[in-house]
Amino acid sequence: MPTSTGSSTLSLTGASGAQYEFELYSWGTEFKAVCAVYSISADQRNGYHTMIYIGQTGDCSTRFDAHHKAGCFNRRGATHIGILVENSERSRLAIEPDLIAAYNPPCNG
């Protein structure tokens with residue numbers, strides 16, 4: 001399911017109907033140690049993004065190219081990382097499956 005993006009944000013809607021706003025960054029961006037839900041996407045030339053993977057972490061400073069699904073990201077042509085800063089682990093653990101259920105990203109399987 002592709003999703004439209006503005007200049008630097010990505011709006012995703014969970015299976016619950018909840019809307020989430022992600023800050024959008026180029027693939028390979030390094031991050032500070034923040035807690036977040038993140039999306040890995042591939043940019044389609046018309047400004048739409050296809051979700052490849054959705055996850056959550058207590059530390060975004062971990063390099064994404066060392067991710068256990070990095071091979072899948074590369075095969076699927078990852079171009080962007082979306083970050084939704086969320087300090088509450090409980091909230092992150094609720095948002096992550098809500099979005100996975102809505103988008104069924106291939107690298108989450």
# chains A, B, ... in the order shown; residues from 1 in each chain; ligands from 1
$ residues_around --residues "Asp98 (chain A)" --least-positions-apart "2" --cutoff "10 Å" --atoms "only C-alpha atoms" --output "JSON, numbers by chain"
{"A": [13, 14, 15, 16, 17, 18, 54, 92, 93, 94, 95, 96, 100, 101, 102, 103]}
$ select_by_dssp --residues "chain A" --states "strand (DSSP E or B)" --output "ChimeraX atom specification"
/A:2-5,9-13,19-26,36-44,48-57,80-85
$ write_last_selection --atoms "N, CA and C atoms" --output "short mmCIF file (atom, residue, chain, number, x, y, z; two decimals), in the first residue's frame"
data_model
loop_
_atom_site.label_atom_id
_atom_site.label_comp_id
_atom_site.auth_asym_id
_atom_site.auth_seq_id
_atom_site.Cartn_x
_atom_site.Cartn_y
_atom_site.Cartn_z
N PRO A 2 0.91 2.00 -1.08
CA PRO A 2 1.74 3.20 -1.10
C PRO A 2 1.12 4.32 -0.28
N THR A 3 1.94 5.23 0.19
CA THR A 3 1.50 6.34 1.02
C THR A 3 2.09 7.63 0.48
N SER A 4 1.28 8.68 0.39
CA SER A 4 1.76 9.96 -0.09
C SER A 4 2.58 10.66 0.98
N THR A 5 3.53 11.46 0.54
CA THR A 5 4.38 12.19 1.47
C THR A 5 4.42 13.67 1.12
N THR A 9 7.58 14.97 5.90
CA THR A 9 6.81 14.12 6.80
C THR A 9 6.10 13.05 6.00
N LEU A 10 5.75 11.99 6.69
CA LEU A 10 5.04 10.88 6.10
C LEU A 10 3.88 10.54 7.02
N SER A 11 2.67 10.58 6.50
CA SER A 11 1.47 10.26 7.29
C SER A 11 1.10 8.80 7.05
N LEU A 12 1.03 8.04 8.13
CA LEU A 12 0.62 6.65 8.05
C LEU A 12 -0.62 6.46 8.92
N THR A 13 -1.52 5.61 8.46
CA THR A 13 -2.75 5.32 9.19
C THR A 13 -2.73 3.86 9.61
N GLN A 19 -3.93 7.98 13.15
CA GLN A 19 -3.01 8.61 12.21
C GLN A 19 -1.69 8.90 12.91
N TYR A 20 -0.58 8.63 12.23
CA TYR A 20 0.75 8.85 12.79
C TYR A 20 1.58 9.67 11.81
N GLU A 21 2.28 10.68 12.32
CA GLU A 21 3.12 11.56 11.50
C GLU A 21 4.59 11.23 11.75
N PHE A 22 5.26 10.80 10.72
CA PHE A 22 6.68 10.46 10.78
C PHE A 22 7.50 11.54 10.12
N GLU A 23 8.64 11.86 10.71
CA GLU A 23 9.63 12.72 10.05
C GLU A 23 10.37 11.82 9.07
N LEU A 24 10.54 12.28 7.85
CA LEU A 24 11.11 11.46 6.79
C LEU A 24 12.57 11.84 6.53
N TYR A 25 13.44 10.83 6.47
CA TYR A 25 14.87 11.02 6.25
C TYR A 25 15.35 10.09 5.14
N SER A 26 16.42 10.49 4.46
CA SER A 26 17.02 9.64 3.43
C SER A 26 17.63 8.41 4.04
N ALA A 36 11.84 5.54 19.31
CA ALA A 36 10.93 5.82 18.20
C ALA A 36 10.30 4.57 17.60
N VAL A 37 9.21 4.80 16.90
CA VAL A 37 8.68 3.83 15.94
C VAL A 37 9.29 4.28 14.61
N TYR A 38 9.71 3.35 13.78
CA TYR A 38 10.32 3.74 12.51
C TYR A 38 9.73 2.94 11.36
N SER A 39 9.76 3.57 10.19
CA SER A 39 9.30 2.90 8.97
C SER A 39 10.43 2.95 7.95
N ILE A 40 10.61 1.86 7.24
CA ILE A 40 11.56 1.80 6.14
C ILE A 40 10.70 1.74 4.88
N SER A 41 10.98 2.64 3.93
CA SER A 41 10.15 2.68 2.73
C SER A 41 10.98 2.83 1.48
N ALA A 42 10.34 2.53 0.36
CA ALA A 42 10.94 2.72 -0.96
C ALA A 42 10.13 3.79 -1.66
N ASP A 43 10.82 4.79 -2.14
CA ASP A 43 10.17 5.91 -2.83
C ASP A 43 9.83 5.49 -4.26
N GLN A 44 8.58 5.64 -4.59
CA GLN A 44 8.16 5.45 -5.97
C GLN A 44 8.27 6.81 -6.64
N TYR A 48 5.17 8.75 -3.93
CA TYR A 48 4.54 7.81 -3.00
C TYR A 48 5.60 6.87 -2.44
N HIS A 49 5.33 6.38 -1.24
CA HIS A 49 6.25 5.46 -0.58
C HIS A 49 5.57 4.13 -0.35
N THR A 50 6.31 3.05 -0.57
CA THR A 50 5.84 1.71 -0.28
C THR A 50 6.53 1.26 1.00
N MET A 51 5.74 0.87 1.99
CA MET A 51 6.30 0.42 3.26
C MET A 51 7.01 -0.92 3.08
N ILE A 52 8.24 -0.98 3.56
CA ILE A 52 9.05 -2.20 3.49
C ILE A 52 9.11 -2.86 4.86
N TYR A 53 9.21 -2.05 5.93
CA TYR A 53 9.35 -2.58 7.27
C TYR A 53 8.89 -1.52 8.27
N ILE A 54 8.30 -1.97 9.35
CA ILE A 54 7.93 -1.08 10.46
C ILE A 54 8.43 -1.72 11.74
N GLY A 55 9.10 -0.93 12.56
CA GLY A 55 9.64 -1.44 13.81
C GLY A 55 9.64 -0.36 14.89
N GLN A 56 10.19 -0.70 16.02
CA GLN A 56 10.32 0.25 17.13
C GLN A 56 11.64 -0.01 17.82
N THR A 57 12.17 1.03 18.43
CA THR A 57 13.45 0.90 19.11
C THR A 57 13.55 1.88 20.27
N HIS A 80 14.14 5.51 2.24
CA HIS A 80 13.81 6.45 3.31
C HIS A 80 13.57 5.74 4.64
N ILE A 81 13.82 6.50 5.72
CA ILE A 81 13.49 6.06 7.07
C ILE A 81 12.56 7.12 7.66
N GLY A 82 11.42 6.68 8.14
CA GLY A 82 10.50 7.58 8.83
C GLY A 82 10.64 7.37 10.33
N ILE A 83 10.67 8.46 11.07
CA ILE A 83 10.87 8.40 12.52
C ILE A 83 9.69 9.07 13.23
N LEU A 84 9.07 8.34 14.13
CA LEU A 84 8.03 8.87 15.01
C LEU A 84 8.58 8.77 16.43
N VAL A 85 9.08 9.88 16.96
CA VAL A 85 9.67 9.86 18.30
C VAL A 85 8.58 9.55 19.32
#
$ select_by_dssp --residues "chain A" --states "helix (DSSP H, G or I)" --output "ChimeraX atom specification"
/A:64-66,70-75,89-103,106-108
$ write_last_selection --atoms "C-alpha atoms" --output "PDB file, in the first residue's frame"
ATOM      1  CA  PHE A  64      20.085   0.722  10.230  1.00  0.00           C
ATOM      2  CA  ASP A  65      22.503  -0.939   7.792  1.00  0.00           C
ATOM      3  CA  ALA A  66      23.382  -3.394  10.600  1.00  0.00           C
ATOM      4  CA  ALA A  70      19.117  -5.129   6.158  1.00  0.00           C
ATOM      5  CA  GLY A  71      19.308  -7.682   3.343  1.00  0.00           C
ATOM      6  CA  CYS A  72      15.557  -7.450   2.821  1.00  0.00           C
ATOM      7  CA  PHE A  73      15.713  -3.630   2.920  1.00  0.00           C
ATOM      8  CA  ASN A  74      18.358  -3.646   0.187  1.00  0.00           C
ATOM      9  CA  ARG A  75      16.495  -6.149  -1.988  1.00  0.00           C
ATOM     10  CA  GLU A  89       7.793   1.778  25.221  1.00  0.00           C
ATOM     11  CA  ARG A  90       4.175   0.822  25.898  1.00  0.00           C
ATOM     12  CA  SER A  91       2.995   3.267  23.201  1.00  0.00           C
ATOM     13  CA  ARG A  92       5.662   2.100  20.734  1.00  0.00           C
ATOM     14  CA  LEU A  93       4.628  -1.514  21.285  1.00  0.00           C
ATOM     15  CA  ALA A  94       1.006  -0.553  20.498  1.00  0.00           C
ATOM     16  CA  ILE A  95       1.755   1.616  17.443  1.00  0.00           C
ATOM     17  CA  GLU A  96       4.081  -0.906  15.772  1.00  0.00           C
ATOM     18  CA  PRO A  97       1.522  -3.748  15.347  1.00  0.00           C
ATOM     19  CA  ASP A  98      -1.215  -1.235  14.433  1.00  0.00           C
ATOM     20  CA  LEU A  99       0.852  -0.073  11.461  1.00  0.00           C
ATOM     21  CA  ILE A 100       2.067  -3.561  10.531  1.00  0.00           C
ATOM     22  CA  ALA A 101      -1.561  -4.736  10.374  1.00  0.00           C
ATOM     23  CA  ALA A 102      -2.438  -1.828   8.081  1.00  0.00           C
ATOM     24  CA  TYR A 103       0.511  -2.046   5.662  1.00  0.00           C
ATOM     25  CA  PRO A 106       7.162  -7.541   3.271  1.00  0.00           C
ATOM     26  CA  CYS A 107      10.280  -7.414   5.476  1.00  0.00           C
ATOM     27  CA  ASN A 108       8.208  -7.824   8.653  1.00  0.00           C
TER      28      ASN A 108
END
$ atom_distance --atom1 "CA of Arg76 (chain A)" --atom2 "CA of Arg45 (chain A)"
14.6 Å
